[in-house]
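To be precise, the following lines are start.csv, and they hold CSV, N, CA and C atoms.
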```csv
chain,number,residue,atom,x,y,z
A,1,MET,N,0.8,-1.2,0.0
A,1,MET,CA,0.0,0.0,0.0
A,1,MET,C,0.9,1.2,0.0
A,2,GLU,N,0.5,2.2,-0.8
A,2,GLU,CA,1.3,3.4,-0.9
A,2,GLU,C,0.9,4.4,0.1
A,3,GLU,N,1.9,5.0,0.8
A,3,GLU,CA,1.6,6.1,1.8
A,3,GLU,C,1.5,7.4,1.1
A,4,LYS,N,0.5,8.1,1.4
A,4,LYS,CA,0.3,9.5,0.8
A,4,LYS,C,1.2,10.4,1.6
A,5,THR,N,1.9,11.3,0.9
A,5,THR,CA,2.8,12.3,1.5
A,5,THR,C,2.4,13.7,0.9
A,6,ARG,N,2.7,14.7,1.6
A,6,ARG,CA,2.5,16.0,1.1
A,6,ARG,C,3.5,17.0,1.9
A,7,ILE,N,3.5,18.2,1.4
A,7,ILE,CA,4.4,19.2,2.0
A,7,ILE,C,3.7,19.6,3.3
A,8,LYS,N,4.5,19.5,4.4
A,8,LYS,CA,4.0,19.9,5.7
A,8,LYS,C,4.9,20.9,6.3
A,9,LYS,N,4.4,21.6,7.4
A,9,LYS,CA,5.2,22.6,8.1
A,9,LYS,C,5.4,22.1,9.5
A,10,CYS,N,6.7,21.9,10.0
A,10,CYS,CA,7.0,21.4,11.3
A,10,CYS,C,6.4,22.3,12.4
A,11,ARG,N,5.8,21.7,13.4
A,11,ARG,CA,5.2,22.5,14.5
A,11,ARG,C,6.2,23.2,15.4
A,12,GLU,N,7.4,22.6,15.4
A,12,GLU,CA,8.5,23.2,16.2
A,12,GLU,C,9.3,24.2,15.5
A,13,CYS,N,9.9,23.9,14.4
A,13,CYS,CA,10.8,24.8,13.7
A,13,CYS,C,10.3,25.5,12.5
A,14,SER,N,9.1,25.2,12.1
A,14,SER,CA,8.4,25.8,10.9
A,14,SER,C,9.1,25.4,9.6
A,15,LEU,N,9.9,24.4,9.6
A,15,LEU,CA,10.6,24.0,8.3
A,15,LEU,C,9.6,23.2,7.5
A,16,GLU,N,9.6,23.4,6.2
A,16,GLU,CA,8.7,22.6,5.3
A,16,GLU,C,9.4,21.3,5.0
A,17,PHE,N,8.6,20.2,5.0
A,17,PHE,CA,9.1,18.9,4.7
A,17,PHE,C,8.0,18.1,4.1
A,18,TYR,N,8.5,17.0,3.4
A,18,TYR,CA,7.5,16.0,2.9
A,18,TYR,C,7.3,15.0,4.0
A,19,GLY,N,6.0,14.7,4.3
A,19,GLY,CA,5.7,13.8,5.3
A,19,GLY,C,4.4,13.1,5.2
A,20,ARG,N,4.1,12.1,6.0
A,20,ARG,CA,2.9,11.4,6.0
A,20,ARG,C,1.8,12.4,6.4
A,21,LEU,N,0.5,12.0,6.2
A,21,LEU,CA,-0.6,12.8,6.5
A,21,LEU,C,-0.7,13.1,8.0
A,22,ASN,N,-0.2,12.1,8.8
A,22,ASN,CA,-0.3,12.3,10.3
A,22,ASN,C,1.0,12.7,10.9
A,23,GLN,N,2.0,13.2,10.1
A,23,GLN,CA,3.3,13.6,10.6
A,23,GLN,C,3.3,15.1,10.8
A,24,TYR,N,3.7,15.5,12.0
A,24,TYR,CA,3.7,16.9,12.4
A,24,TYR,C,5.0,17.6,12.6
A,25,PHE,N,6.1,16.8,12.6
A,25,PHE,CA,7.4,17.3,12.9
A,25,PHE,C,8.4,16.8,11.8
A,26,CYS,N,9.4,17.6,11.6
A,26,CYS,CA,10.4,17.2,10.5
A,26,CYS,C,11.4,16.2,11.0
A,27,SER,N,11.5,16.1,12.3
A,27,SER,CA,12.5,15.2,12.9
A,27,SER,C,12.1,14.8,14.3
A,28,ALA,N,12.8,13.7,14.8
A,28,ALA,CA,12.6,13.3,16.2
A,28,ALA,C,13.0,14.4,17.2
A,29,LYS,N,14.1,15.1,16.9
A,29,LYS,CA,14.5,16.2,17.7
A,29,LYS,C,13.4,17.3,17.9
A,30,CYS,N,12.8,17.7,16.8
A,30,CYS,CA,11.7,18.7,16.9
A,30,CYS,C,10.6,18.1,17.7
A,31,ARG,N,10.2,16.9,17.5
A,31,ARG,CA,9.1,16.3,18.3
A,31,ARG,C,9.4,16.3,19.7
A,32,PHE,N,10.7,15.9,20.1
A,32,PHE,CA,11.1,15.9,21.5
A,32,PHE,C,11.1,17.3,22.1
A,33,ASP,N,11.6,18.3,21.3
A,33,ASP,CA,11.7,19.7,21.8
A,33,ASP,C,10.3,20.2,22.0
A,34,PHE,N,9.4,20.0,21.1
A,34,PHE,CA,8.0,20.5,21.2
A,34,PHE,C,7.3,19.9,22.5
A,35,ASN,N,7.4,18.6,22.6
A,35,ASN,CA,6.8,17.9,23.8
A,35,ASN,C,7.4,18.3,25.1
A,36,ASN,N,8.7,18.5,25.1
A,36,ASN,CA,9.4,19.0,26.3
A,36,ASN,C,9.0,20.4,26.7
A,37,SER,N,8.8,21.2,25.7
A,37,SER,CA,8.4,22.6,26.1
A,37,SER,C,7.0,22.6,26.7
A,38,ILE,N,6.1,21.8,26.2
A,38,ILE,CA,4.8,21.6,26.8
A,38,ILE,C,4.9,21.1,28.3
A,39,ALA,N,5.7,20.1,28.5
A,39,ALA,CA,5.9,19.5,29.8
A,39,ALA,C,6.5,20.5,30.7
A,40,ARG,N,7.5,21.3,30.2
A,40,ARG,CA,8.1,22.4,31.0
A,40,ARG,C,7.1,23.4,31.5
A,41,ASN,N,6.2,23.8,30.6
A,41,ASN,CA,5.2,24.8,31.0
A,41,ASN,C,4.3,24.2,32.1
A,42,ASN,N,3.9,23.0,32.0
A,42,ASN,CA,3.1,22.3,33.0
A,42,ASN,C,3.8,22.3,34.3
A,43,ARG,N,5.1,21.9,34.3
A,43,ARG,CA,5.9,21.9,35.5
A,43,ARG,C,6.0,23.2,36.2
A,44,GLU,N,6.1,24.3,35.4
A,44,GLU,CA,6.2,25.6,35.9
A,44,GLU,C,5.0,26.0,36.7
A,45,ASP,N,3.8,25.6,36.2
A,45,ASP,CA,2.6,25.9,36.9
A,45,ASP,C,2.5,25.2,38.2
A,46,ILE,N,2.9,23.9,38.2
A,46,ILE,CA,2.8,23.1,39.4
A,46,ILE,C,3.9,23.6,40.4
A,47,ASN,N,5.1,23.9,39.9
A,47,ASN,CA,6.1,24.4,40.8
A,47,ASN,C,5.8,25.7,41.5
A,48,SER,N,5.0,26.6,40.8
A,48,SER,CA,4.7,27.9,41.4
A,48,SER,C,3.7,27.6,42.5
A,49,ILE,N,2.7,26.7,42.4
A,49,ILE,CA,1.8,26.4,43.4
A,49,ILE,C,2.5,25.7,44.6
A,50,LEU,N,3.4,24.8,44.3
A,50,LEU,CA,4.2,24.1,45.3
A,50,LEU,C,5.0,25.0,46.1
A,51,LYS,N,5.6,26.0,45.5
A,51,LYS,CA,6.4,27.1,46.2
A,51,LYS,C,5.5,27.8,47.2
A,52,ILE,N,4.3,28.1,46.8
A,52,ILE,CA,3.3,28.8,47.8
A,52,ILE,C,3.0,27.9,48.9
A,53,LEU,N,2.7,26.6,48.6
A,53,LEU,CA,2.4,25.6,49.7
A,53,LEU,C,3.5,25.4,50.7
A,54,LEU,N,4.8,25.4,50.1
A,54,LEU,CA,5.9,25.2,51.0
A,54,LEU,C,6.2,26.4,51.9
A,55,ARG,N,5.9,27.6,51.3
A,55,ARG,CA,6.1,28.8,52.1
A,55,ARG,C,5.0,28.9,53.2
A,56,ASN,N,3.8,28.5,52.9
A,56,ASN,CA,2.7,28.4,53.9
A,56,ASN,C,3.1,27.4,55.0
A,57,ARG,N,3.6,26.3,54.6
A,57,ARG,CA,4.1,25.3,55.6
A,57,ARG,C,5.1,25.8,56.5
A,58,GLU,N,6.1,26.5,55.9
A,58,GLU,CA,7.2,27.1,56.7
A,58,GLU,C,6.7,28.1,57.7
A,59,ILE,N,5.7,28.9,57.3
A,59,ILE,CA,5.1,29.9,58.2
A,59,ILE,C,4.4,29.2,59.4
A,60,LEU,N,3.6,28.2,59.1
A,60,LEU,CA,2.9,27.5,60.2
A,60,LEU,C,3.9,26.8,61.1
A,61,LYS,N,4.9,26.2,60.5
A,61,LYS,CA,5.9,25.5,61.2
A,61,LYS,C,6.6,26.4,62.2
A,62,SER,N,7.0,27.6,61.7
A,62,SER,CA,7.8,28.5,62.5
A,62,SER,C,6.9,29.0,63.7
A,63,VAL,N,5.6,29.3,63.4
A,63,VAL,CA,4.7,29.7,64.5
A,63,VAL,C,4.6,28.6,65.5
A,64,PHE,N,4.4,27.4,65.1
A,64,PHE,CA,4.1,26.2,65.9
A,64,PHE,C,5.4,25.9,66.8
A,65,GLU,N,6.6,26.0,66.1
A,65,GLU,CA,7.8,25.6,66.9
A,65,GLU,C,8.2,26.7,67.8
A,66,ASN,N,7.7,27.9,67.7
A,66,ASN,CA,8.0,29.0,68.6
A,66,ASN,C,7.2,28.9,69.9
A,67,GLY,N,6.3,27.8,69.9
A,67,GLY,CA,5.5,27.6,71.1
A,67,GLY,C,4.1,28.3,71.0
A,68,THR,N,3.9,29.0,70.0
A,68,THR,CA,2.6,29.7,69.8
A,68,THR,C,1.6,28.7,69.2
A,69,THR,N,0.5,28.6,69.9
A,69,THR,CA,-0.6,27.7,69.3
A,69,THR,C,-1.8,28.5,68.8
A,70,GLU,N,-1.8,29.8,69.2
A,70,GLU,CA,-2.9,30.6,68.7
A,70,GLU,C,-2.3,31.9,68.1
A,71,ILE,N,-2.9,32.3,66.9
A,71,ILE,CA,-2.4,33.4,66.2
A,71,ILE,C,-3.6,34.1,65.5
A,72,SER,N,-3.5,35.4,65.2
A,72,SER,CA,-4.6,36.0,64.5
A,72,SER,C,-4.4,35.8,63.0
A,73,LYS,N,-5.5,35.9,62.3
A,73,LYS,CA,-5.4,35.7,60.8
A,73,LYS,C,-4.6,36.9,60.2
A,74,SER,N,-4.7,38.1,60.8
A,74,SER,CA,-3.9,39.2,60.3
A,74,SER,C,-2.4,39.0,60.5
A,75,ASP,N,-2.0,38.3,61.6
A,75,ASP,CA,-0.6,38.0,61.8
A,75,ASP,C,-0.1,37.0,60.8
A,76,LEU,N,-0.9,36.0,60.4
A,76,LEU,CA,-0.4,35.1,59.4
A,76,LEU,C,-0.3,35.8,58.0
A,77,GLN,N,-1.3,36.7,57.7
A,77,GLN,CA,-1.2,37.4,56.5
A,77,GLN,C,0.0,38.3,56.5
A,78,ALA,N,0.4,38.9,57.6
A,78,ALA,CA,1.5,39.8,57.6
A,78,ALA,C,2.8,39.0,57.3
A,79,ARG,N,2.8,37.7,57.7
A,79,ARG,CA,3.9,36.8,57.3
A,79,ARG,C,3.8,36.3,55.9
A,80,ARG,N,2.9,36.7,55.1
A,80,ARG,CA,2.7,36.4,53.7
A,80,ARG,C,2.0,34.9,53.6
A,81,TYR,N,1.3,34.5,54.6
A,81,TYR,CA,0.5,33.2,54.4
A,81,TYR,C,-0.6,33.4,53.4
A,82,ASN,N,-0.7,32.5,52.5
A,82,ASN,CA,-1.7,32.6,51.4
A,82,ASN,C,-2.8,31.6,51.7
A,83,PHE,N,-4.0,32.1,52.1
A,83,PHE,CA,-5.1,31.3,52.6
A,83,PHE,C,-5.8,30.6,51.4
A,84,THR,N,-5.4,30.9,50.2
A,84,THR,CA,-6.1,30.3,49.0
A,84,THR,C,-5.6,28.9,48.8
A,85,TYR,N,-4.4,28.6,49.2
A,85,TYR,CA,-3.8,27.3,48.9
A,85,TYR,C,-3.6,26.4,50.2
A,86,LEU,N,-4.1,25.2,50.1
A,86,LEU,CA,-4.1,24.3,51.2
A,86,LEU,C,-3.9,22.9,50.6
A,87,THR,N,-3.5,21.9,51.5
A,87,THR,CA,-3.3,20.5,51.0
A,87,THR,C,-4.5,19.7,51.3
A,88,HIS,N,-5.1,19.9,52.4
A,88,HIS,CA,-6.3,19.1,52.8
A,88,HIS,C,-7.1,19.7,54.0
A,89,GLN,N,-8.2,19.2,54.2
A,89,GLN,CA,-9.0,19.6,55.4
A,89,GLN,C,-9.5,18.3,56.1
A,90,LEU,N,-9.6,18.4,57.4
A,90,LEU,CA,-10.1,17.3,58.2
A,90,LEU,C,-11.1,17.9,59.3
A,91,LYS,N,-11.9,17.0,59.7
A,91,LYS,CA,-12.9,17.3,60.8
A,91,LYS,C,-12.5,16.4,61.9
A,92,SER,N,-12.3,17.0,63.1
A,92,SER,CA,-12.0,16.3,64.3
A,92,SER,C,-13.2,15.6,64.9
A,93,GLU,N,-13.0,14.8,65.9
A,93,GLU,CA,-14.1,14.1,66.6
A,93,GLU,C,-15.0,15.1,67.2
A,94,ASP,N,-14.5,16.2,67.7
A,94,ASP,CA,-15.4,17.2,68.3
A,94,ASP,C,-15.9,18.2,67.2
A,95,SER,N,-16.0,17.8,66.0
A,95,SER,CA,-16.6,18.5,64.8
A,95,SER,C,-15.9,19.9,64.5
A,96,LYS,N,-14.6,20.0,64.9
A,96,LYS,CA,-13.9,21.2,64.4
A,96,LYS,C,-13.3,20.9,63.1
A,97,ASN,N,-13.3,21.9,62.2
A,97,ASN,CA,-12.7,21.8,60.9
A,97,ASN,C,-11.3,22.3,61.0
A,98,TYR,N,-10.3,21.5,60.4
A,98,TYR,CA,-8.9,21.9,60.4
A,98,TYR,C,-8.5,22.0,58.9
A,99,ILE,N,-7.8,23.1,58.6
A,99,ILE,CA,-7.3,23.4,57.3
A,99,ILE,C,-5.8,23.1,57.4
A,100,PHE,N,-5.3,22.3,56.5
A,100,PHE,CA,-3.9,21.9,56.5
A,100,PHE,C,-3.0,22.3,55.3
A,101,CYS,N,-1.8,22.5,55.6
A,101,CYS,CA,-0.8,22.7,54.6
A,101,CYS,C,0.3,21.7,55.0
A,102,PHE,N,0.2,20.5,54.4
A,102,PHE,CA,1.0,19.3,54.7
A,102,PHE,C,0.7,18.9,56.1
A,103,GLU,N,1.6,18.8,57.1
A,103,GLU,CA,1.3,18.3,58.4
A,103,GLU,C,0.9,19.4,59.4
A,104,TYR,N,1.0,20.6,59.0
A,104,TYR,CA,0.7,21.7,59.9
A,104,TYR,C,-0.7,22.3,59.5
A,105,GLY,N,-1.5,22.6,60.5
A,105,GLY,CA,-2.9,23.1,60.2
A,105,GLY,C,-3.4,24.0,61.2
A,106,PHE,N,-4.6,24.5,61.0
A,106,PHE,CA,-5.2,25.4,61.9
A,106,PHE,C,-6.7,25.2,61.9
A,107,SER,N,-7.3,25.6,63.0
A,107,SER,CA,-8.8,25.7,63.1
A,107,SER,C,-9.1,27.1,63.4
A,108,ILE,N,-10.3,27.6,63.0
A,108,ILE,CA,-10.7,28.9,63.2
A,108,ILE,C,-11.5,29.0,64.5
A,109,LEU,N,-11.0,29.8,65.5
A,109,LEU,CA,-11.6,30.0,66.8
A,109,LEU,C,-11.9,31.4,66.9
A,110,ASP,N,-13.2,31.8,66.8
A,110,ASP,CA,-13.6,33.2,66.8
A,110,ASP,C,-12.7,34.1,66.0
A,111,SER,N,-11.8,34.9,66.6
A,111,SER,CA,-10.9,35.8,65.9
A,111,SER,C,-9.5,35.3,65.8
A,112,THR,N,-9.2,34.1,66.3
A,112,THR,CA,-7.9,33.6,66.3
A,112,THR,C,-7.9,32.2,65.5
A,113,LEU,N,-6.7,31.8,65.2
A,113,LEU,CA,-6.5,30.5,64.6
A,113,LEU,C,-5.7,29.6,65.5
A,114,LYS,N,-6.1,28.4,65.8
A,114,LYS,CA,-5.4,27.4,66.6
A,114,LYS,C,-4.5,26.6,65.7
A,115,ILE,N,-3.2,26.6,65.9
A,115,ILE,CA,-2.3,25.9,65.0
A,115,ILE,C,-1.9,24.6,65.7
A,116,ILE,N,-1.9,23.5,64.8
A,116,ILE,CA,-1.6,22.2,65.3
A,116,ILE,C,-0.6,21.5,64.3
A,117,LYS,N,0.0,20.5,64.8
A,117,LYS,CA,0.8,19.6,63.9
A,117,LYS,C,0.1,18.3,64.0
A,118,TYR,N,-0.3,17.8,62.8
A,118,TYR,CA,-1.1,16.6,62.7
A,118,TYR,C,-0.1,15.3,62.6
A,119,ASP,N,-0.3,14.4,63.6
A,119,ASP,CA,0.5,13.2,63.6
A,119,ASP,C,-0.3,12.0,63.3
A,120,GLY,N,-1.5,12.2,62.8
A,120,GLY,CA,-2.4,11.1,62.4
A,120,GLY,C,-3.5,10.9,63.4
A,121,ILE,N,-3.5,11.5,64.6
A,121,ILE,CA,-4.5,11.4,65.6
A,121,ILE,C,-4.9,12.8,66.1
A,122,PHE,N,-6.1,13.0,66.3
A,122,PHE,CA,-6.6,14.3,66.9
A,122,PHE,C,-6.7,14.1,68.4
```
Target encoding structure tokens, full file:
Amino acid sequence: MEEKTRIKKCRECSLEFYGRLNQYFCSAKCRFDFNNSIARNNREDINSILKILLRNREILKSVFENGTTEISKSDLQARRYNFTYLTHQLKSEDSKNYIFCFEYGFSILDSTLKIIKYDGIF
């Protein structure tokens, strides 16, 4: 069976080449470069979110390790805590909601936040 070919334009380098109907790149290198650039962009998005989560964790960790278990929301915001990003939420046996950034979390008590380190048991 004869394969149909036609002039195509490479999606990576824009070089014109003769290729199969379903061929989009002039070479394996261009195909790799194109796919790697897409993967790199996806990783950059994930890494920016991970950076925020890790900063949030460090803030909660530093507050917790300084012996402070209660802090105001404005104090956390002053330390650049980003309340938009969290890793998970749990409800304790006494029906308190805890918001976590990895193993450090907090529950909202009136005007303060109670900070805890979760070790698997409330």
List every protein, DNA or RNA residue that has an atom no more than 8 Å from (4.3, 14.1, 2.9) in the file's coordinate frame, counting only C-alpha atoms, and report them as a count of residues only. 11
Residue nearest Phe102 of chain A - candidates A:Arg57, A:Lys114, A:Lys51, A:Arg80, atoms counted: all atoms listed in the file: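 Checking each of A:Arg57, A:Lys114, A:Lys51, A:Arg80 against Phe102 of chain A, counting all atoms listed in the file, the winner is A:Arg57.
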With a distance cut-off of 8 Å and all atoms listed in the file, select the neighbouring residues of segment 86-101 of chain A, excluding the residue or stretch itself and same-chain residues fewer than 2 positions from it, and output the selection as a PyMOL selection string. chain A and resi 52-54+56-58+82-84+103-108+122
Could you list, as a list of chain:residue names, every residue within 10 Å of Cys30 of chain A, counting only C-alpha atoms and ignoring same-chain residues fewer than 2 positions away?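 Within the cut-off, the hits are A:Cys10, A:Arg11, A:Glu12, A:Cys13, A:Ser14, A:Tyr24, A:Phe25, A:Cys26, A:Ser27, A:Ala28, A:Phe32, A:Asp33, A:Phe34, A:Asn35, A:Asn36.
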If I take atom C of Ile59 of chain A and atom CA of Asp119 of chain A, how far is one from the other in Å, to one decimal?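 Computing the Euclidean distance for atom C of Ile59 of chain A and atom CA of Asp119 of chain A yields 17.0 Å.
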What does the distance from atom CA of Asn66 of chain A to atom C of Tyr81 of chain A come to in Å, to one decimal? 18.0 Å
Atom-to-atom span, atom C of Val63 of chain A and atom N of Leu109 of chain A, Å: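 The value is 15.6 Å.
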Check the smallest atom-to-atom distance from each of A:Ile46, A:Leu60, A:Tyr85, A:Lys73 to Ile116 of chain A using all atoms listed in the file, then report the winner.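 Closest to Ile116 of chain A, using all atoms listed in the file: A:Leu60.
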Pick out the closest residue to Ile115 of chain A from this set: A:Glu70, A:Glu65, A:Asp75, A:Glu44. Count all atoms listed in the file.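 Closest candidate: A:Glu70.
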Just asking: which residues within chain A are strand (DSSP E or B) according to DSSP, as an NGL selection string? :A and (5-9 or 16-20 or 70-72 or 88-91 or 97-101 or 104-109 or 112-117)
For the structure I just gave you, how does DSSP split chain A - specifically, which residues are helix (DSSP H, G or I)? Reply as a ChimeraX atom specification. /A:28-65,73-78
Nearest to Arg55 of chain A by atom-to-atom distance, counting all atoms listed in the file, from A:Lys29, A:Ser72, A:Ser37, A:Arg79: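 With all atoms listed in the file as the atom set, the closest residue is A:Arg79.
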Could you tell me which of A:Ser74, A:Asn22, A:Asn42, A:Thr68 comes closest to Ser111 of chain A if we count all atoms listed in the file?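 When distances to Ser111 of chain A are compared using all atoms listed in the file, the smallest one comes from A:Ser74.
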